[in-house]
Structure formats: structure tokens, C-alpha cells
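Visitor: Input structure: my_file-v9.txt, which contains compact mmCIF, C-alpha atoms.
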# COMPACT_ATOMS: atom_id res chain seq x y z
CA MET A 1 4.26 19.05 4.00
CA GLU A 2 7.52 17.23 3.37
CA ASN A 3 7.76 16.04 6.99
CA LEU A 4 4.08 15.07 7.05
CA SER A 5 4.39 13.00 3.88
CA ARG A 6 7.49 11.28 5.22
CA LEU A 7 6.05 10.54 8.67
CA LEU A 8 2.34 9.94 7.98
CA GLY A 9 2.36 8.76 4.38
CA PRO A 10 3.63 5.22 5.14
CA LEU A 11 0.69 4.78 7.55
CA HIS A 12 -1.70 4.63 4.58
CA PRO A 13 -1.52 0.87 3.85
CA PRO A 14 -2.54 -0.27 7.36
CA LEU A 15 -5.15 2.48 7.70
CA VAL A 16 -6.81 1.73 4.39
CA HIS A 17 -6.92 -2.00 5.13
CA PHE A 18 -8.65 -1.24 8.42
CA ALA A 19 -11.13 1.09 6.70
CA VAL A 20 -11.92 -1.59 4.10
CA VAL A 21 -12.42 -4.59 6.37
CA CYS A 22 -14.56 -2.89 9.06
CA PRO A 23 -17.63 -2.11 6.89
CA ILE A 24 -17.47 -5.58 5.35
CA LEU A 25 -17.52 -7.15 8.82
CA ALA A 26 -20.32 -4.77 9.85
CA PHE A 27 -22.48 -5.87 6.94
CA LEU A 28 -21.83 -9.53 7.71
CA ALA A 29 -22.79 -8.93 11.33
CA LEU A 30 -26.11 -7.39 10.27
CA LEU A 31 -26.71 -10.17 7.78
CA VAL A 32 -26.14 -12.86 10.40
CA ASN A 33 -28.42 -11.01 12.80
CA THR A 34 -31.33 -11.21 10.35
CA ARG A 35 -31.17 -14.99 10.61
CA TRP A 36 -30.26 -15.70 14.23
CA LYS A 37 -31.29 -12.51 16.07
CA ILE A 38 -28.13 -12.17 18.17
CA THR A 39 -28.69 -9.01 20.19
CA TRP A 40 -25.10 -7.77 20.34
CA LEU A 41 -24.45 -7.96 16.59
CA PRO A 42 -26.11 -4.60 15.72
CA GLN A 43 -23.96 -2.96 18.40
CA ALA A 44 -20.89 -4.64 16.94
CA ALA A 45 -21.83 -3.35 13.47
CA ALA A 46 -22.19 0.16 14.88
CA VAL A 47 -18.75 -0.04 16.45
CA LEU A 48 -17.25 -1.30 13.19
CA TRP A 49 -18.92 1.51 11.24
CA SER A 50 -17.46 4.04 13.66
CA PHE A 51 -13.99 2.54 13.32
CA SER A 52 -14.35 2.57 9.54
CA PHE A 53 -15.32 6.25 9.50
CA PHE A 54 -12.44 7.44 11.65
CA SER A 55 -9.87 5.18 10.00
CA GLY A 56 -11.26 6.44 6.68
CA ILE A 57 -10.29 9.98 7.65
CA GLY A 58 -6.75 8.82 8.29
CA ALA A 59 -6.69 6.70 5.14
CA VAL A 60 -7.77 9.57 2.87
CA LEU A 61 -5.30 12.07 4.32
CA SER A 62 -2.39 9.62 4.56
CA GLY A 63 -3.13 8.37 1.04
CA HIS A 64 -2.50 11.79 -0.48
CA LEU A 65 0.60 12.17 1.67
CA PHE A 66 1.80 8.71 0.62
CA ALA A 67 1.46 9.64 -3.05
CA LEU A 68 3.59 12.70 -2.36
CA HIS A 69 6.12 10.65 -0.42
CA LEU A 70 6.50 8.12 -3.24
CA GLY A 71 6.76 10.83 -5.87
CA LEU A 72 3.59 9.69 -7.64
CA VAL A 73 2.43 13.31 -7.61
CA THR A 74 4.30 16.57 -7.16
CA ASP A 75 1.51 18.53 -5.46
CA PHE A 76 -1.29 17.75 -3.01
CA SER A 77 -4.53 17.43 -5.00
CA LEU A 78 -7.94 15.83 -4.45
CA LEU A 79 -7.68 13.88 -7.71
CA PRO A 80 -4.20 12.85 -8.89
CA PRO A 81 -3.28 13.32 -12.57
CA GLU A 82 -4.51 10.69 -15.01
CA ASN A 83 -1.01 9.61 -16.03
CA ALA A 84 0.00 8.53 -12.51
CA LEU A 85 0.25 4.73 -12.46
CA LYS A 86 -1.85 4.44 -15.63
CA GLY A 87 -4.84 6.07 -13.93
CA HIS A 88 -4.95 3.58 -11.05
CA LEU A 89 -3.98 6.25 -8.54
CA ARG A 90 -6.79 8.58 -9.65
CA ASP A 91 -9.34 5.74 -9.55
CA HIS A 92 -8.15 4.66 -6.11
CA ALA A 93 -8.37 8.22 -4.78
CA ALA A 94 -11.82 8.79 -6.33
CA TRP A 95 -13.27 5.58 -4.89
CA GLY A 96 -11.65 6.29 -1.53
CA THR A 97 -13.13 9.77 -1.37
CA LEU A 98 -16.57 8.49 -2.38
CA SER A 99 -16.37 5.71 0.22
CA PHE A 100 -15.42 8.14 2.95
CA LEU A 101 -18.26 10.52 2.07
CA ALA A 102 -20.72 7.62 2.06
CA SER A 103 -19.45 6.47 5.45
CA PHE A 104 -21.13 9.53 7.00
CA ALA A 105 -24.39 7.61 6.54
CA ALA A 106 -22.90 4.64 8.37
CA LEU A 107 -21.75 6.92 11.18
CA ALA A 108 -25.29 8.33 11.46
CA ALA A 109 -26.70 4.79 11.61
CA ALA A 110 -24.16 3.86 14.27
CA TYR A 111 -25.12 6.92 16.33
CA ARG A 112 -28.80 5.96 16.21
CA THR A 113 -27.92 2.42 17.29
CA PHE A 114 -25.88 3.68 20.24
CA ARG A 115 -28.78 5.92 21.28
CA GLY A 116 -31.15 2.93 21.31
CA ASN A 117 -33.17 4.20 18.34
CA PRO A 118 -31.71 2.24 15.41
CA TRP A 119 -32.69 2.64 11.80
CA PRO A 120 -34.98 -0.04 10.33
CA LYS A 121 -33.13 -3.26 9.56
CA THR A 122 -33.65 -2.91 5.82
CA ALA A 123 -32.13 0.58 5.89
CA GLN A 124 -29.15 -0.64 7.93
CA LEU A 125 -28.59 -3.54 5.54
CA ALA A 126 -28.81 -1.24 2.53
CA VAL A 127 -26.34 1.25 4.01
CA GLY A 128 -24.08 -1.56 5.19
CA PHE A 129 -24.04 -3.18 1.75
CA ILE A 130 -23.30 0.09 -0.08
CA ILE A 131 -20.47 1.05 2.30
CA ALA A 132 -18.96 -2.43 2.14
CA VAL A 133 -19.02 -2.43 -1.66
CA LEU A 134 -17.55 1.06 -1.95
CA PHE A 135 -14.69 0.34 0.43
CA GLY A 136 -14.19 -3.06 -1.19
CA VAL A 137 -13.82 -1.46 -4.63
CA THR A 138 -11.42 1.08 -3.11
CA GLY A 139 -9.30 -1.73 -1.76
CA HIS A 140 -9.45 -3.56 -5.09
CA GLU A 141 -8.23 -0.47 -6.96
CA GLY A 142 -5.41 -0.11 -4.47
CA GLY A 143 -4.48 -3.75 -4.92
CA GLU A 144 -4.33 -3.40 -8.69
CA MET A 145 -2.16 -0.33 -8.27
CA VAL A 146 0.36 -2.11 -6.05
CA PHE A 147 0.24 -5.70 -7.28
CA GLY A 148 -0.91 -5.26 -10.88
CA ALA A 149 -4.16 -6.29 -12.50
CA GLU A 150 -2.76 -9.28 -14.36
CA ASP A 151 0.43 -10.85 -15.61
CA ILE A 152 1.24 -9.21 -18.94
CA PRO A 153 3.59 -11.02 -21.36
CA VAL A 154 6.96 -9.32 -21.55
CA LYS A 155 8.47 -8.55 -24.94
CA LEU A 156 11.99 -9.87 -25.31
CA ALA A 157 14.53 -7.49 -26.78
CA PRO A 158 16.69 -9.12 -29.47
CA GLN A 159 19.99 -7.97 -27.96
CA THR A 160 19.50 -9.60 -24.56
CA ALA A 161 21.38 -12.84 -25.05
CA ALA A 162 24.32 -11.66 -22.93
CA LEU A 163 23.63 -8.82 -20.56
CA PRO A 164 26.52 -7.23 -18.64
CA VAL A 165 26.58 -8.02 -14.95
CA ASP A 166 27.81 -4.60 -13.83
CA LEU A 167 24.88 -2.25 -14.32
CA LEU A 168 27.10 0.76 -13.77
CA VAL A 169 29.35 -0.26 -16.64
CA LEU A 170 26.25 -0.71 -18.77
CA ALA A 171 25.09 2.80 -17.84
CA ARG A 172 28.26 4.55 -19.03
CA ASP A 173 27.62 7.24 -21.65
CA PHE A 174 23.92 7.12 -20.80
CA ARG A 175 23.40 10.68 -22.06
CA GLN A 176 24.60 9.63 -25.50
CA ASN A 177 23.15 6.13 -25.65
CA LEU A 178 19.78 6.55 -23.92
CA VAL A 179 16.81 8.88 -24.41
CA GLN A 180 15.95 11.58 -21.87
CA MET A 181 12.28 11.24 -20.95
CA ASN A 182 11.71 14.55 -19.14
CA SER A 183 11.71 18.06 -20.57
CA LYS A 184 13.16 19.59 -17.38
CA PRO A 185 14.44 18.31 -14.03
CA TRP A 186 12.03 17.80 -11.17
CA ASN A 187 12.51 17.46 -7.45
CA SER A 188 12.16 13.82 -6.40
CA ARG A 189 11.34 13.25 -2.74
CA THR A 190 12.07 9.54 -3.02
CA HIS A 191 15.59 10.22 -4.28
CA GLY A 192 16.71 12.33 -1.35
CA HIS A 193 14.80 15.44 -2.43
CA ARG A 194 17.21 15.82 -5.34
CA TRP A 195 16.59 17.16 -8.82
CA VAL A 196 16.56 14.36 -11.37
CA ASN A 197 16.53 13.52 -15.07
CA THR A 198 15.42 10.11 -16.36
CA TYR A 199 16.90 8.28 -19.36
CA VAL A 200 15.71 4.99 -20.88
CA SER A 201 16.84 2.62 -23.62
CA ARG A 202 15.81 3.69 -27.11
CA GLU A 203 13.72 0.57 -27.72
CA SER A 204 11.84 1.19 -24.46
CA VAL A 205 10.78 4.82 -24.95
CA GLU A 206 7.18 4.20 -25.99
CA ALA A 207 6.59 1.53 -23.34
CA TYR A 208 8.02 3.77 -20.63
CA ARG A 209 6.01 6.78 -21.83
CA ASN A 210 2.78 4.76 -21.73
CA SER A 211 3.61 2.97 -18.44
CA ASN A 212 3.58 -0.40 -20.21
CA PRO A 213 5.93 -3.34 -19.52
CA LEU A 214 9.42 -2.60 -20.78
CA PRO A 215 11.32 -5.17 -22.89
CA VAL A 216 13.82 -7.40 -21.15
CA GLY A 217 17.19 -5.71 -21.38
CA SER A 218 15.77 -2.23 -20.86
CA LEU A 219 17.87 0.25 -18.93
CA VAL A 220 16.53 3.13 -16.86
CA VAL A 221 19.04 5.66 -15.54
CA LYS A 222 18.25 8.54 -13.23
CA GLU A 223 20.89 11.20 -12.75
CA SER A 224 20.48 13.52 -9.80
CA PHE A 225 21.71 16.90 -8.63
CA GLU A 226 21.75 18.32 -5.13
CA GLU A 227 19.32 21.05 -4.16
CA GLU A 228 20.60 24.49 -3.22
CA GLY A 229 18.30 27.25 -2.04
CA GLY A 230 15.23 25.41 -3.30
CA LYS A 231 16.69 25.11 -6.80
CA ILE A 232 18.81 22.65 -8.74
CA SER A 233 22.57 23.01 -8.31
CA ASN A 234 25.52 21.83 -10.38
CA THR A 235 26.56 19.39 -7.64
CA PRO A 236 25.98 15.80 -8.80
CA GLY A 237 24.06 13.46 -6.54
CA PRO A 238 23.90 9.67 -6.84
CA LEU A 239 23.43 7.96 -10.19
CA TYR A 240 20.57 5.45 -10.01
CA VAL A 241 20.38 2.54 -12.47
CA MET A 242 17.69 -0.07 -13.17
CA ARG A 243 17.93 -2.93 -15.65
CA LYS A 244 15.09 -5.22 -16.71
CA GLY A 245 16.13 -8.84 -16.55
CA ASN A 246 14.06 -11.95 -17.12
CA PRO A 247 11.09 -11.79 -14.70
CA SER A 248 11.42 -15.52 -13.94
CA ASP A 249 14.93 -14.91 -12.60
CA SER A 250 13.72 -12.34 -10.09
CA PRO A 251 9.90 -12.59 -9.74
CA ALA A 252 9.76 -10.47 -6.58
CA THR A 253 10.95 -7.44 -8.54
CA GLY A 254 9.53 -8.27 -11.95
CA GLY A 255 13.04 -9.01 -13.16
CA TRP A 256 14.40 -5.59 -12.27
CA GLN A 257 17.85 -5.12 -10.75
CA TYR A 258 19.13 -1.95 -9.13
CA ALA A 259 22.45 -0.19 -8.72
CA MET A 260 23.69 3.15 -7.43
CA GLU A 261 26.95 5.08 -7.67
CA TRP A 262 28.07 8.30 -6.03
CA ASP A 263 31.68 9.35 -6.43
CA HIS A 264 31.63 12.50 -4.32
CA PRO A 265 29.04 12.39 -1.51
CA VAL A 266 28.16 15.77 -0.05
CA ALA A 267 28.20 16.38 3.67
CA GLY A 268 24.97 15.84 5.56
CA ASN A 269 23.27 13.81 2.83
CA PRO A 270 20.05 12.02 3.92
CA GLU A 271 21.50 8.55 3.24
CA ASN A 272 24.48 9.32 5.51
CA ILE A 273 26.92 8.20 2.80
CA LEU A 274 30.37 9.31 3.92
CA THR A 275 32.68 7.81 1.29
CA PRO A 276 32.37 7.09 -2.44
CA ALA A 277 29.71 4.45 -2.92
CA LYS A 278 29.13 1.79 -5.56
CA TRP A 279 26.19 -0.49 -4.86
CA LEU A 280 25.47 -3.37 -7.24
CA PRO A 281 22.54 -5.84 -7.33
CA GLY A 282 22.33 -7.78 -4.10
CA ASP A 283 23.79 -5.03 -1.93
CA GLY A 284 21.65 -4.53 1.16
CA HIS A 285 21.74 -0.76 0.73
CA LEU A 286 19.50 -1.19 -2.34
CA ASN A 287 16.63 -2.72 -0.37
CA SER A 288 15.03 0.70 -0.12
CA CYS A 289 15.01 0.89 -3.94
CA VAL A 290 13.34 -2.52 -4.18
CA LYS A 291 10.76 -1.62 -1.54
CA CYS A 292 9.86 1.74 -3.06
CA HIS A 293 9.63 0.52 -6.66
CA GLY A 294 7.42 -2.31 -5.47
CA HIS A 295 4.59 0.24 -5.23
CA PHE A 296 4.78 0.74 -9.00
CA LYS A 297 4.05 -2.79 -10.18
CA ALA A 298 1.10 -1.55 -12.25
CA SER A 299 3.55 0.43 -14.39
CA ASP A 300 6.28 -2.25 -14.49
CA TYR A 301 7.95 -0.99 -11.32
CA CYS A 302 8.73 2.39 -12.91
CA GLY A 303 7.52 5.68 -11.45
CA GLY A 304 7.55 7.49 -14.78
CA VAL A 305 7.80 11.23 -15.26
CA PRO A 306 5.42 13.55 -13.32
CA GLU A 307 2.75 15.47 -15.19
CA GLY A 308 4.10 18.67 -16.65
CA PHE A 309 7.67 17.36 -16.92
CA GLU A 310 7.20 14.92 -19.82
CA GLY A 311 9.57 15.07 -22.76
CA ARG A 312 8.47 15.71 -26.31
Would you mind giving the structure from this file in C-alpha cells?
Guide:
Amino acid sequence: MENLSRLLGPLHPPLVHFAVVCPILAFLALLVNTRWKITWLPQAAAVLWSFSFFSGIGAVLSGHLFALHLGLVTDFSLLPPENALKGHLRDHAAWGTLSFLASFAALAAAYRTFRGNPWPKTAQLAVGFIIAVLFGVTGHEGGEMVFGAEDIPVKLAPQTAALPVDLLVLARDFRQNLVQMNSKPWNSRTHGHRWVNTYVSRESVEAYRNSNPLPVGSLVVKESFEEEGGKISNTPGPLYVMRKGNPSDSPATGGWQYAMEWDHPVAGNPENILTPAKWLPGDGHLNSCVKCHGHFKASDYCGGVPEGFEGR
């Protein structure tokens, strides 16, 4: 499952876009044909319905694998937990599943068209409209999940007049100064399949717990430990740090900056880090952090704590 999620999960975005646009184009083709009677348009709609059905299969399967790959869920399930991305992930999966099931009707209509015995035009239009709407709503839910539903005002923390530049200096003594958000470590695929604990600034606890925008100046620190025999070990992995700056200073990341430090890299690590590493904002090695957290815009670029691992 790990290899499948890593290899096939990232295929979800292109597959789901293909599954969404094909039924919309099919409906438009049928709609145009009712006015101008272009003989090849029903055949084109049938082809598009077929493409939508088969790409829908790939989109549904890769979607669940993508959620696993990103760490949005810890186990493969038909409906993700309600707390994942403020419920957007569950809604997206539910609409996607419903759209795929409904696309069986479109596939049946396409088959009849290919056999030269098409359904009545009104039935084709009705099916085409329903499938287009369902896939359109699925795409809309996915867009809200990735890009956010709206711009939400960010609360300014009073102590943010002069924020330290070195995030790693700011993260010192994080166990004493920050609040641990998880009750027990969990295995994070997106952090090298390491076991992690998450700490956040005290003034940001409630916002982080509820997946709401964190105040400017918030700090999120994730400590990690290497895996050994399928369990957590005492060997430290990288220390990951995020700090919320002013969104206008870095709109592409919602104001977030990233850093990572690893004093004693272990041999054969997935990042191929051979010597002690200290990556500060702007370092090219952190592009993977920016890219991955970009999928969590709906929850202020934070992945949160998986269901069952929440702190008290």
C-alpha cells in the first residue's frame, strides 16, 4: 500500500480533472446537437462519457491513495474521517463516489449509442446533466479543499512586532514553550515514514485543533523519530519547523515559512541526507515542504493530527 500511495497517489489531480471535464463537454455536445442536429456530436458525447467512466475509476482509487500519501488519513477507507481538512476531504470523497456510481448510467447510454440504438434524446440530456453536475460538484469540493473556500481574515498576535529570522532558534525549547497536540506519536508518510509529535504555540492551540487560521507569529514544530521494526525508535529524525508570517509577505504559502534541522542523519534515509543539515526559509531543499503543505490550504496549510491521535 505504501508503494501504491507513493506511485499512484500523485496521479489523482490530473485524473480527477479529466473525469470532471469529460461529462461537462458531453452534455454540451448533446445540448448543441438539439439545436443544430450535427450527426457526430452524440458519438462524441458517448466517447466522452466512456472516458469519464474509466478516468473516474482511476480518480477514485488514486484519490484514496493520495490521501494516504499526504497523511490526510492513516488507513484506507471509503469515507475519510470528518476532521480531515475540516470535512472537505470527506465531502470530496462522497461526491466523487456518487459521481462514479452515477457514471454507470452514462456508460450504458454510451454503449447504446455505439450500438446504433441510442436512448431518447431527453433521457440522454437528463443523464448528461446529472453526471455533469455531480462531477462538477466533486471538482468544486476538491478545489475548496486545495485552494480554500474564501479568504479568511487572519488574527494578528500581539507579540509579532519583531519575529526572529532563524526559525530554528525560535524553535529551541519547543517541548517547554509549546503545546503538544497529539496524545501519542503516529507514523507520518509525508515525513519520511517517521514517527512524529506536533507542538504549536500556546495562543494557537484552539485554532490548530479546529483547523482554523492560526494567528500571525504562530509556530508549529514537528519532532520525528526513526522507525525500527515497524515501531518508533529512540533515534531522532529531522526537526521540522513552520512559522506563520504575514500572508501579504508570502501569499503563495499563506505567510508560512519552513525550516528543517537534522544533526545526525541515519544511513539510507529517504532524503539521502549524508551530513548534518540545517535548512532555513528560501533553501531549495524545502520546496517539497511548500508543495506538500499547499494541499492543506483549507486548514491554513496545516495537516493537523490524525483521528485517534488527538491530544486532550
Visitor: Dump as JSON lines the rows for residues of segment 192-272 of chain A within 10 Å of segment 278-289 of chain A: closest atom pair and distance in Å with one decimal, only C-alpha atoms counted, ordered by chain and rising residue number.
Guide:
{"residue": "A:Pro238", "atom": "CA", "partner": "A:Lys278", "partner_atom": "CA", "distance": 9.5}
{"residue": "A:Leu239", "atom": "CA", "partner": "A:Lys278", "partner_atom": "CA", "distance": 9.6}
{"residue": "A:Tyr240", "atom": "CA", "partner": "A:Cys289", "partner_atom": "CA", "distance": 9.4}
{"residue": "A:Val241", "atom": "CA", "partner": "A:Leu280", "partner_atom": "CA", "distance": 9.4}
{"residue": "A:Met242", "atom": "CA", "partner": "A:Pro281", "partner_atom": "CA", "distance": 9.5}
{"residue": "A:Arg243", "atom": "CA", "partner": "A:Pro281", "partner_atom": "CA", "distance": 9.9}
{"residue": "A:Trp256", "atom": "CA", "partner": "A:Pro281", "partner_atom": "CA", "distance": 9.5}
{"residue": "A:Gln257", "atom": "CA", "partner": "A:Pro281", "partner_atom": "CA", "distance": 5.8}
{"residue": "A:Tyr258", "atom": "CA", "partner": "A:Pro281", "partner_atom": "CA", "distance": 5.5}
{"residue": "A:Ala259", "atom": "CA", "partner": "A:Leu280", "partner_atom": "CA", "distance": 4.6}
{"residue": "A:Met260", "atom": "CA", "partner": "A:Trp279", "partner_atom": "CA", "distance": 5.1}
{"residue": "A:Glu261", "atom": "CA", "partner": "A:Lys278", "partner_atom": "CA", "distance": 4.5}
{"residue": "A:Trp262", "atom": "CA", "partner": "A:Lys278", "partner_atom": "CA", "distance": 6.6}
{"residue": "A:Asp263", "atom": "CA", "partner": "A:Lys278", "partner_atom": "CA", "distance": 8.0}
{"residue": "A:Glu271", "atom": "CA", "partner": "A:His285", "partner_atom": "CA", "distance": 9.6}
Visitor: From the options A:Val146, A:Ala59, A:Leu274, A:Ala67, which residue's atoms come nearest to Ala19 of chain A, counting all atoms listed in the file?
Guide: A:Ala59
Visitor: Given all atoms listed in the file, how would the per-residue table for segment 4-50 of chain A near segment 70-77 of chain A read, listing every residue at most 12 Å away with its closest atom pair and distance in Å to one decimal, sorted by chain and number, as a Markdown table?
Guide:
| residue | atom | partner | partner_atom | distance |
| --- | --- | --- | --- | --- |
| A:Leu4 | CA | A:Phe76 | CA | 11.7 |
| A:Ser5 | CA | A:Leu70 | CA | 8.9 |
| A:Arg6 | CA | A:Leu70 | CA | 9.1 |
| A:Gly9 | CA | A:Leu70 | CA | 8.7 |
| A:Pro10 | CA | A:Leu70 | CA | 9.3 |
| A:His12 | CA | A:Leu70 | CA | 11.9 |
Visitor: Export C-alpha atoms of the chosen residues as a PDB file, in the frame of the given file?
Guide:
ATOM      1  CA  LEU A   4       4.080  15.070   7.050  1.00  0.00           C
ATOM      2  CA  SER A   5       4.390  13.000   3.880  1.00  0.00           C
ATOM      3  CA  ARG A   6       7.490  11.280   5.220  1.00  0.00           C
ATOM      4  CA  GLY A   9       2.360   8.760   4.380  1.00  0.00           C
ATOM      5  CA  PRO A  10       3.630   5.220   5.140  1.00  0.00           C
ATOM      6  CA  HIS A  12      -1.700   4.630   4.580  1.00  0.00           C
TER       7      HIS A  12
END
Visitor: What does the distance from atom CA of Val20 of chain A to atom CA of Val290 of chain A come to in Å, to one decimal?
Guide: 26.6 Å
Visitor: Got a sec to check which residues sit within 10 Å of (3.0, 15.0, -12.2), counting all atoms listed in the file, and write them as a list in words?
Guide: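 Here is the list of nearby residues: Gly71, Leu72, Val73, Thr74, Asp75, Pro80, Pro81, Glu82, Asn83, Ala84, Trp186, Gly304, Val305, Pro306, Glu307, Gly308, Phe309 and Glu310 of chain A.
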Visitor: One decimal, in Å: what's the spacing between atom CA of Ile130 of chain A and atom CA of Leu11 of chain A?
Guide: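 The value is 25.6 Å.
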Visitor: Excluding segment 90-98 of chain A and its own-chain neighbours fewer than 4 positions away, which residues fall within 6 Å of it when counting only C-alpha atoms? Please give them as a ChimeraX atom specification.
Guide: /A:79-80,138,141-142
Visitor: Can you work out the spacing between atom CA of Ala45 of chain A and atom CA of Val137 of chain A in Å, to one decimal?
Guide: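 So the answer is 19.9 Å.
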Visitor: Between A:Asp249, A:Gly268, A:Tyr208, A:Pro236, which residue has the minimum interatomic distance to Asp300 of chain A, considering only C-alpha atoms?
Guide: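 Of all the options, A:Tyr208 lies closest to Asp300 of chain A.
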Visitor: Skip segment 22-27 of chain A itself and residues of its chain fewer than 6 positions away, then list as number ranges by chain all residues within 10 Å of it, counting all atoms listed in the file.
Guide: A: 33, 41-53, 55, 103, 106, 124-136
Visitor: Would you please work out which residue, of A:Ser224, A:Asn212, A:Asn182, A:Ser201, is nearest to Leu85 of chain A when using all atoms listed in the file?
Guide: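 For Leu85 of chain A, the nearest of the given residues is A:Asn212.
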Visitor: Which polymer residues have any atom within 12 Å of an atom of Ala267 of chain A, counting all atoms listed in the file, with same-chain residues fewer than 3 positions away left out, as a list in words?
Guide: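 Those residues are Glu226, Thr235, Gly237, His264, Pro270, Glu271, Asn272, Ile273, Leu274, Thr275 and Pro276 of chain A.
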Visitor: With distances taken over all atoms listed in the file, which residue among A:Gly56, A:Pro185, A:Pro213, A:Gly229 lies nearest Leu101 of chain A?
Guide: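 Using all atoms listed in the file, Leu101 of chain A sits closest to A:Gly56.
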Visitor: Name the closest residue to Gly192 of chain A among the candidates A:Leu61, A:Glu227, A:Arg115, A:Val21; distances are taken between atoms, counting only C-alpha atoms.
Guide: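 Counting only C-alpha atoms, the residue closest to Gly192 of chain A is A:Glu227.
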Visitor: Quick one: residues within 7 Å of Cys302 of chain A, all atoms listed in the file counted, chain neighbours fewer than 3 positions away excluded, as a PyMOL selection string?
Guide: chain A and resi 293+296+299
Visitor: Next, dump the selected residues to file, keeping only C-alpha atoms, as an mmCIF file, keeping the file's coordinate frame.
Guide:
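So selection.cif came out as:
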data_model
loop_
_atom_site.group_PDB
_atom_site.id
_atom_site.type_symbol
_atom_site.label_atom_id
_atom_site.label_comp_id
_atom_site.auth_asym_id
_atom_site.auth_seq_id
_atom_site.Cartn_x
_atom_site.Cartn_y
_atom_site.Cartn_z
ATOM 1 C CA HIS A 293 9.630 0.520 -6.660
ATOM 2 C CA PHE A 296 4.780 0.740 -9.000
ATOM 3 C CA SER A 299 3.550 0.430 -14.390
#
Visitor: Go through A:Ile57, A:Cys292, A:Val16, A:Leu8 one by one, measure the shortest atom-to-atom distance of each to Thr190 of chain A using all atoms listed in the file, and give the residue with the smallest value.
Guide: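 Under the stated criterion, the closest residue is A:Cys292.
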Visitor: If you count only C-alpha atoms, which residues fall within 8 Å of Gly58 of chain A, apart from same-chain ones fewer than 4 positions away, as a VMD selection string?
Guide: chain A and resid 12 15 54 62
